[in-house]
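Trainee: You'll find data-v4.txt just under this line, and it carries compact mmCIF, C-alpha atoms.
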# COMPACT_ATOMS: atom_id res chain seq x y z
CA MET J 16 121.22 74.63 96.85
CA HIS J 17 119.35 77.94 96.98
CA PRO J 18 121.74 80.79 97.84
CA ALA J 19 121.36 82.39 101.27
CA VAL J 20 123.00 84.83 103.66
CA PRO J 21 125.47 82.56 105.49
CA GLY J 22 124.76 81.99 109.16
CA PHE J 23 121.50 83.97 109.23
CA ALA J 24 118.17 82.69 110.58
CA HIS J 25 114.95 83.30 108.70
CA HIS J 26 111.80 84.87 110.12
CA THR J 27 108.32 85.63 108.84
CA VAL J 28 106.96 88.66 110.69
CA PRO J 29 103.48 90.26 110.50
CA VAL J 30 103.90 94.01 109.85
CA ALA J 31 100.42 95.08 108.70
CA GLU J 32 97.00 93.56 108.30
CA GLY J 33 97.44 90.63 105.94
CA VAL J 34 101.10 91.42 105.24
CA ARG J 35 104.12 89.51 106.52
CA LEU J 36 107.73 90.23 105.68
CA HIS J 37 110.37 87.57 105.28
CA ALA J 38 113.66 88.57 106.89
CA ALA J 39 117.08 87.04 107.41
CA VAL J 40 118.55 87.99 110.80
CA GLY J 41 122.04 87.44 112.15
CA GLY J 42 124.76 88.78 114.41
CA SER J 43 124.48 90.73 117.66
CA GLY J 44 124.93 94.32 118.74
CA SER J 45 123.33 97.57 117.63
CA PRO J 46 120.73 96.93 114.90
CA VAL J 47 121.16 97.65 111.20
CA VAL J 48 118.39 97.05 108.65
CA LEU J 49 119.35 96.53 104.99
CA LEU J 50 116.79 96.99 102.18
CA HIS J 51 117.29 95.50 98.72
CA GLY J 52 116.76 96.99 95.28
CA PHE J 53 115.35 95.96 91.89
CA PRO J 54 115.24 93.31 90.51
CA GLN J 55 116.58 91.62 93.62
CA THR J 56 115.77 90.29 97.06
CA HIS J 57 117.41 90.43 100.49
CA LEU J 58 120.08 88.13 99.01
CA MET J 59 121.86 91.12 97.45
CA TRP J 60 123.17 92.07 100.91
CA ARG J 61 124.71 88.65 101.63
CA HIS J 62 128.35 89.86 101.66
CA VAL J 63 127.76 93.13 103.53
CA ALA J 64 125.40 91.47 106.02
CA ALA J 65 127.92 88.76 106.87
CA ASP J 66 130.58 91.44 107.43
CA LEU J 67 128.38 93.63 109.64
CA ALA J 68 127.14 90.68 111.71
CA ALA J 69 130.52 90.59 113.46
CA ASP J 70 129.39 93.51 115.63
CA HIS J 71 125.78 94.33 114.75
CA THR J 72 122.39 92.69 114.72
CA VAL J 73 121.64 92.70 110.99
CA ILE J 74 118.06 92.48 109.68
CA VAL J 75 117.69 91.87 105.95
CA PRO J 76 114.07 91.71 104.75
CA ASP J 77 112.40 91.18 101.43
CA LEU J 78 110.32 94.29 100.83
CA ARG J 79 106.55 94.06 100.56
CA GLY J 80 105.82 92.69 97.09
CA TYR J 81 109.25 91.08 96.61
CA GLY J 82 110.96 87.79 97.30
CA ALA J 83 109.37 85.63 99.99
CA SER J 84 107.42 88.52 101.56
CA ASP J 85 103.68 88.88 101.03
CA LYS J 86 102.48 90.52 97.83
CA PRO J 87 99.10 92.14 98.51
CA ALA J 88 97.02 93.02 95.47
CA GLU J 89 97.16 96.70 94.58
CA SER J 90 93.91 98.08 96.03
CA GLY J 91 94.82 101.74 95.68
CA PRO J 92 97.80 104.09 95.56
CA GLY J 93 98.70 103.41 99.18
CA THR J 94 99.28 99.67 98.84
CA TYR J 95 102.82 100.11 97.54
CA ALA J 96 103.46 103.73 98.56
CA LYS J 97 106.93 104.11 100.00
CA ARG J 98 105.22 105.50 103.10
CA THR J 99 103.44 102.16 103.52
CA MET J 100 106.56 100.13 102.79
CA ALA J 101 108.60 102.26 105.21
CA ARG J 102 106.00 101.62 107.91
CA ASP J 103 106.40 97.89 107.24
CA VAL J 104 110.13 98.16 107.91
CA VAL J 105 109.67 100.09 111.16
CA HIS J 106 107.08 97.56 112.36
CA LEU J 107 109.44 94.71 111.42
CA ALA J 108 112.29 96.16 113.46
CA HIS J 109 109.99 96.82 116.42
CA ALA J 110 108.61 93.27 116.26
CA LEU J 111 112.18 91.97 116.43
CA GLY J 112 112.85 94.09 119.52
CA HIS J 113 114.47 97.23 118.07
CA GLU J 114 112.83 100.62 118.58
CA ARG J 115 115.73 102.49 116.94
CA PHE J 116 118.04 101.24 114.20
CA ALA J 117 120.38 102.25 111.41
CA LEU J 118 118.91 101.83 107.94
CA ALA J 119 120.56 101.24 104.57
CA GLY J 120 118.86 100.83 101.21
CA HIS J 121 119.83 100.23 97.62
CA ASP J 122 117.78 101.33 94.61
CA ARG J 123 114.07 100.74 95.45
CA GLY J 124 115.09 99.95 99.02
CA ALA J 125 116.80 103.33 99.30
CA LEU J 126 113.54 105.02 98.33
CA VAL J 127 111.82 103.17 101.16
CA ALA J 128 114.73 103.99 103.47
CA TYR J 129 114.70 107.77 103.02
CA ARG J 130 110.90 107.79 103.35
CA ALA J 131 111.32 105.93 106.64
CA GLY J 132 113.84 108.57 107.71
CA LEU J 133 111.42 111.38 106.91
CA ASP J 134 108.35 109.74 108.44
CA HIS J 135 109.98 107.99 111.42
CA PRO J 136 112.98 110.08 112.54
CA GLY J 137 112.70 108.69 116.04
CA ALA J 138 113.25 105.17 114.75
CA VAL J 139 116.01 105.72 112.17
CA SER J 140 119.35 106.68 113.73
CA HIS J 141 121.51 106.68 110.58
CA LEU J 142 120.68 106.43 106.88
CA LEU J 143 122.70 105.06 103.94
CA CYS J 144 121.30 105.32 100.39
CA LEU J 145 122.94 103.58 97.45
CA ASP J 146 122.65 104.80 93.85
CA VAL J 147 119.38 106.73 93.81
CA LEU J 148 117.95 110.22 93.95
CA PRO J 149 114.83 111.04 95.96
CA ILE J 150 111.79 110.18 93.87
CA LEU J 151 110.62 113.71 93.04
CA ASP J 152 114.15 114.78 92.09
CA SER J 153 114.62 111.66 89.99
CA TRP J 154 111.59 112.47 87.84
CA GLU J 155 112.76 116.07 87.49
CA ALA J 156 116.21 114.91 86.36
CA MET J 157 114.86 112.59 83.65
CA ARG J 158 114.56 114.58 80.45
CA GLY J 159 115.54 114.34 76.81
CA THR J 160 117.12 111.35 75.13
CA SER J 161 119.53 110.78 78.03
CA ALA J 162 116.51 109.71 80.08
CA ALA J 163 116.06 106.64 77.88
CA VAL J 164 118.09 104.77 80.51
CA GLY J 165 114.97 104.97 82.68
CA PHE J 166 112.52 103.55 80.16
CA HIS J 167 111.24 101.03 82.69
CA LEU J 168 110.09 103.85 84.99
CA TYR J 169 107.74 105.13 82.33
CA LEU J 170 106.52 101.68 81.34
CA MET J 171 105.59 100.72 84.88
CA ALA J 172 104.00 104.12 85.54
CA GLN J 173 101.12 103.21 83.21
CA PRO J 174 97.67 102.28 84.56
CA PRO J 175 97.12 98.64 85.63
CA GLY J 176 96.96 96.08 82.87
CA LEU J 177 99.35 96.88 80.04
CA PRO J 178 102.70 96.92 81.87
CA GLU J 179 101.87 93.76 83.80
CA ALA J 180 100.89 91.98 80.59
CA MET J 181 103.96 93.12 78.65
CA ILE J 182 106.44 92.31 81.40
CA GLY J 183 104.74 89.04 82.35
CA ALA J 184 104.95 87.83 78.75
CA SER J 185 108.76 88.05 78.80
CA ALA J 186 109.66 88.33 82.47
CA ASP J 187 113.08 86.70 82.32
CA ALA J 188 114.13 88.83 79.36
CA PHE J 189 112.85 92.01 81.05
CA PHE J 190 114.38 91.48 84.49
CA GLY J 191 117.47 89.82 83.06
CA TYR J 192 118.15 92.91 80.97
CA PHE J 193 118.75 95.00 84.10
CA LEU J 194 120.84 92.32 85.78
CA GLY J 195 123.10 92.45 82.73
CA ALA J 196 123.04 96.11 81.70
CA TRP J 197 123.54 97.53 85.19
CA ALA J 198 126.26 95.09 86.32
CA LYS J 199 129.99 95.48 85.80
CA SER J 200 130.51 91.73 86.15
CA PRO J 201 128.16 88.75 85.74
CA PHE J 202 126.19 87.48 88.72
CA PRO J 203 126.87 83.94 89.94
CA ALA J 204 124.51 81.64 88.10
CA ASP J 205 122.58 80.58 91.21
CA VAL J 206 122.12 84.17 92.37
CA ARG J 207 120.95 85.33 88.95
CA ALA J 208 118.50 82.42 88.79
CA ALA J 209 117.17 83.28 92.25
CA TYR J 210 116.58 86.91 91.25
CA LEU J 211 114.83 85.94 88.03
CA ALA J 212 112.58 83.42 89.76
CA ALA J 213 111.63 85.89 92.50
CA SER J 214 110.91 88.67 90.01
CA ARG J 215 108.97 86.40 87.66
CA ALA J 216 106.67 85.52 90.58
CA ALA J 217 106.12 89.15 91.55
CA VAL J 218 105.34 91.05 88.35
CA PRO J 219 102.09 92.72 89.56
CA SER J 220 103.57 93.88 92.87
CA ILE J 221 106.82 95.10 91.33
CA VAL J 222 104.85 97.12 88.78
CA ALA J 223 102.65 98.47 91.57
CA ASP J 224 105.75 99.57 93.49
CA TYR J 225 107.00 101.51 90.46
CA ARG J 226 103.53 102.88 89.66
CA ALA J 227 103.35 104.34 93.16
CA SER J 228 106.60 106.22 92.52
CA ALA J 229 104.99 108.00 89.57
CA GLY J 230 102.02 109.04 91.69
CA VAL J 231 101.57 108.98 95.43
CA ASP J 232 105.29 108.86 96.26
CA THR J 233 105.93 111.98 94.19
CA GLU J 234 103.03 113.70 95.94
CA HIS J 235 104.51 112.84 99.35
CA ASP J 236 107.94 114.18 98.34
CA ARG J 237 106.42 117.35 96.93
CA ALA J 238 104.48 117.98 100.14
CA ASP J 239 107.59 117.43 102.24
CA ARG J 240 109.65 119.75 100.07
CA ALA J 241 107.00 122.48 100.37
CA ALA J 242 106.89 122.01 104.14
CA GLY J 243 110.67 122.13 104.45
CA ARG J 244 110.94 118.67 106.00
CA ARG J 245 114.48 117.28 106.16
CA LEU J 246 116.28 114.14 107.20
CA THR J 247 117.52 114.85 110.71
CA MET J 248 119.89 111.91 111.10
CA PRO J 249 123.41 111.50 109.66
CA VAL J 250 123.09 110.46 106.01
CA THR J 251 125.58 108.93 103.59
CA VAL J 252 124.86 108.60 99.87
CA LEU J 253 127.08 106.43 97.68
CA GLN J 254 126.30 106.43 93.97
CA GLN J 255 127.60 106.28 90.46
CA ASP J 256 128.16 109.59 88.71
CA TRP J 257 124.72 109.74 87.11
CA GLY J 258 124.70 113.51 87.53
CA ALA J 259 127.44 113.92 84.94
CA ALA J 260 125.43 111.86 82.45
CA LEU J 261 122.03 113.44 83.08
CA GLY J 262 123.08 116.99 83.90
CA TYR J 263 122.42 117.51 87.61
CA ASP J 264 124.42 117.98 90.80
CA ALA J 265 123.61 114.86 92.80
CA GLU J 266 125.26 116.08 95.99
CA ALA J 267 123.29 119.35 95.90
CA VAL J 268 120.07 117.44 95.32
CA TRP J 269 120.67 115.25 98.34
CA ARG J 270 121.93 118.07 100.56
CA ALA J 271 118.59 119.84 100.13
CA TRP J 272 117.04 116.86 101.93
CA ALA J 273 119.90 115.91 104.26
CA PRO J 274 121.91 118.69 105.95
CA ASP J 275 124.17 116.16 107.73
CA LEU J 276 125.37 114.52 104.52
CA VAL J 277 128.40 112.65 103.26
CA HIS J 278 128.07 112.16 99.49
CA ARG J 279 130.46 110.06 97.43
CA THR J 280 130.60 108.91 93.85
CA THR J 281 132.06 105.48 93.15
CA ASP J 282 133.45 103.51 90.24
CA ALA J 283 131.52 100.46 91.43
CA GLY J 284 128.55 99.43 89.31
CA HIS J 285 124.92 99.85 90.26
CA PHE J 286 124.92 96.57 92.18
CA MET J 287 127.66 97.87 94.45
CA ALA J 288 126.71 95.87 97.54
CA GLU J 289 127.55 92.74 95.55
CA GLU J 290 130.32 94.06 93.33
CA ALA J 291 132.11 96.22 95.94
CA PRO J 292 130.86 94.94 99.33
CA GLU J 293 133.97 96.08 101.20
CA GLU J 294 133.43 99.66 100.02
CA VAL J 295 129.77 99.60 101.04
CA ALA J 296 130.47 98.04 104.44
CA LYS J 297 133.20 100.62 105.07
CA ALA J 298 130.85 103.49 104.17
CA LEU J 299 128.23 102.11 106.54
CA ARG J 300 130.67 101.68 109.41
CA GLU J 301 131.94 105.24 108.89
CA LEU J 302 128.35 106.46 108.93
CA LEU J 303 127.63 104.68 112.21
CA ALA J 304 130.72 106.27 113.75
CA ARG J 305 129.25 109.75 113.17
CA GLY J 306 127.22 109.44 116.35
Show me the file's structure as structure tokens.

Mentor:
Amino acid sequence: MHPAVPGFAHHTVPVAEGVRLHAAVGGSGSPVVLLHGFPQTHLMWRHVAADLAADHTVIVPDLRGYGASDKPAESGPGTYAKRTMARDVVHLAHALGHERFALAGHDRGALVAYRAGLDHPGAVSHLLCLDVLPILDSWEAMRGTSAAVGFHLYLMAQPPGLPEAMIGASADAFFGYFLGAWAKSPFPADVRAAYLAASRAAVPSIVADYRASAGVDTEHDRADRAAGRRLTMPVTVLQQDWGAALGYDAEAVWRAWAPDLVHRTTDAGHFMAEEAPEEVAKALRELLARG
């Protein structure tokens, strides 16, 4: 049986011209939207979503280009810009009846989440980001041999053609590498198989998502930094201690974007929503209690 978020219904919702997002929805109460990372789907939130559904309406989509959501061909830098993907998420929540919602994201989903917070502050009431830096700061932190951990960022930043061909020729090996190297414990076999199948079917759109982060997304962050734009909602960031390894102060980086910040490092692995779901759910509930 294909793994799923227990007790959640599935929806396919138009969010832009020619683009529909698949979303699992469950629970009742104030809305919380959870955005997955790479190389995953909405399934990564299955434990946290089931916990939160006791007192919240929980919306767990596959991002544009991932999972069962539509994967439009890259027609320009805007197709997979985080600004575009954030707009998808806002439209999804509105279509499901929620004008304002809390938002949490992991990895790629966290990049979409903080962009949604910057572009749509009236829609995003609270923001949780798991194990990332803002895109511009991430590129600035990657330097020297210690940056080899981010080799995939540079590969997928290349112009269309080469990265898609290289990754497509050995998709399971490529995506499986990250599921192994970034995890502290093995994934259940059915979950790992689901992630590999979804990623294998989405190579061009996943590459386009990453390519946007080396171009248009960085431009958007740079413009916001120059304009002094900040996240106005309460923000919590939970991440591994990458700053110690790469030589930066992660809390200071985030505080420049988020004045109302709680920042914590954790011993959980990168896939913390699956490996430490109680810790993640607790951090989100504490965030929501901040008003």

Trainee: Rounded to one decimal, what separation in Å do you get between atom CA of Leu151 of chain J and atom CA of Ala96 of chain J?

Mentor: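 Those two atoms sit 13.5 Å apart.
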
Trainee: One decimal, in Å: what's the spacing between atom CA of Ala65 of chain J and atom CA of Gly42 of chain J?

Mentor: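 So the two atoms, atom CA of Ala65 of chain J and atom CA of Gly42 of chain J, lie 8.2 Å apart.
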
Trainee: Rounded to one decimal, what separation in Å do you get between atom CA of Pro54 of chain J and atom CA of Leu194 of chain J?

Mentor: 7.4 Å

Trainee: From the set J:Arg237, J:His51, J:Lys86, J:Arg61, which residue has the shortest atom-to-atom contact distance to Ser220 of chain J, counting only C-alpha atoms?

Mentor: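 With only C-alpha atoms as the atom set, the closest residue is J:Lys86.
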
Trainee: Do a neighbour search on segment 177-182 of chain J at 10 Å with only C-alpha atoms, toss out local chain neighbours closer than 4 positions, and write the hits as an mmCIF file with C-alpha atoms, keeping the file's coordinate frame.

Mentor:
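In the end it all went to out.cif:
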data_model
loop_
_atom_site.group_PDB
_atom_site.id
_atom_site.type_symbol
_atom_site.label_atom_id
_atom_site.label_comp_id
_atom_site.auth_asym_id
_atom_site.auth_seq_id
_atom_site.Cartn_x
_atom_site.Cartn_y
_atom_site.Cartn_z
ATOM 1 C CA HIS J 167 111.240 101.030 82.690
ATOM 2 C CA TYR J 169 107.740 105.130 82.330
ATOM 3 C CA LEU J 170 106.520 101.680 81.340
ATOM 4 C CA MET J 171 105.590 100.720 84.880
ATOM 5 C CA ALA J 172 104.000 104.120 85.540
ATOM 6 C CA GLN J 173 101.120 103.210 83.210
ATOM 7 C CA ALA J 186 109.660 88.330 82.470
ATOM 8 C CA ASP J 187 113.080 86.700 82.320
ATOM 9 C CA ALA J 188 114.130 88.830 79.360
ATOM 10 C CA PHE J 189 112.850 92.010 81.050
ATOM 11 C CA PHE J 190 114.380 91.480 84.490
ATOM 12 C CA ARG J 215 108.970 86.400 87.660
ATOM 13 C CA ALA J 217 106.120 89.150 91.550
ATOM 14 C CA VAL J 218 105.340 91.050 88.350
ATOM 15 C CA PRO J 219 102.090 92.720 89.560
ATOM 16 C CA SER J 220 103.570 93.880 92.870
ATOM 17 C CA ILE J 221 106.820 95.100 91.330
ATOM 18 C CA VAL J 222 104.850 97.120 88.780
ATOM 19 C CA ALA J 223 102.650 98.470 91.570
ATOM 20 C CA ARG J 226 103.530 102.880 89.660
#

Trainee: When you look at Arg207 of chain J with a cut-off of 9 Å (counting only C-alpha atoms), what residues show up, excluding the ones that are within fewer than 5 positions of it in the same chain? I need them as a count of residues only.

Mentor: 6

Trainee: Got a sec: who's within 9 Å of segment 155-165 of chain J, counting all atoms listed in the file, leaving out chain neighbours fewer than 4 positions off, as a ChimeraX atom specification?

Mentor: /J:150-151,169,258,260-263

Trainee: Return the single residue from J:Pro249, J:Gly183, J:Gly91, J:Gly124 that is closest to Val48 of chain J, with distances computed using only C-alpha atoms.

Mentor: J:Gly124

Trainee: Could you give me, as a VMD selection string, the residues within 7 Å of Trp272 of chain J, counting only C-alpha atoms and dropping anything in the same chain fewer than 2 positions from it?

Mentor: chain J and resid 245 to 246 269 to 270 274

Trainee: Give me the residues near Val252 of chain J as a PyMOL selection string, where near means some atom within 9 Å (using only C-alpha atoms) and where sequence neighbours in that chain fewer than 3 positions away do not count.

Mentor: chain J and resi 142-147+266+269+276-280+298
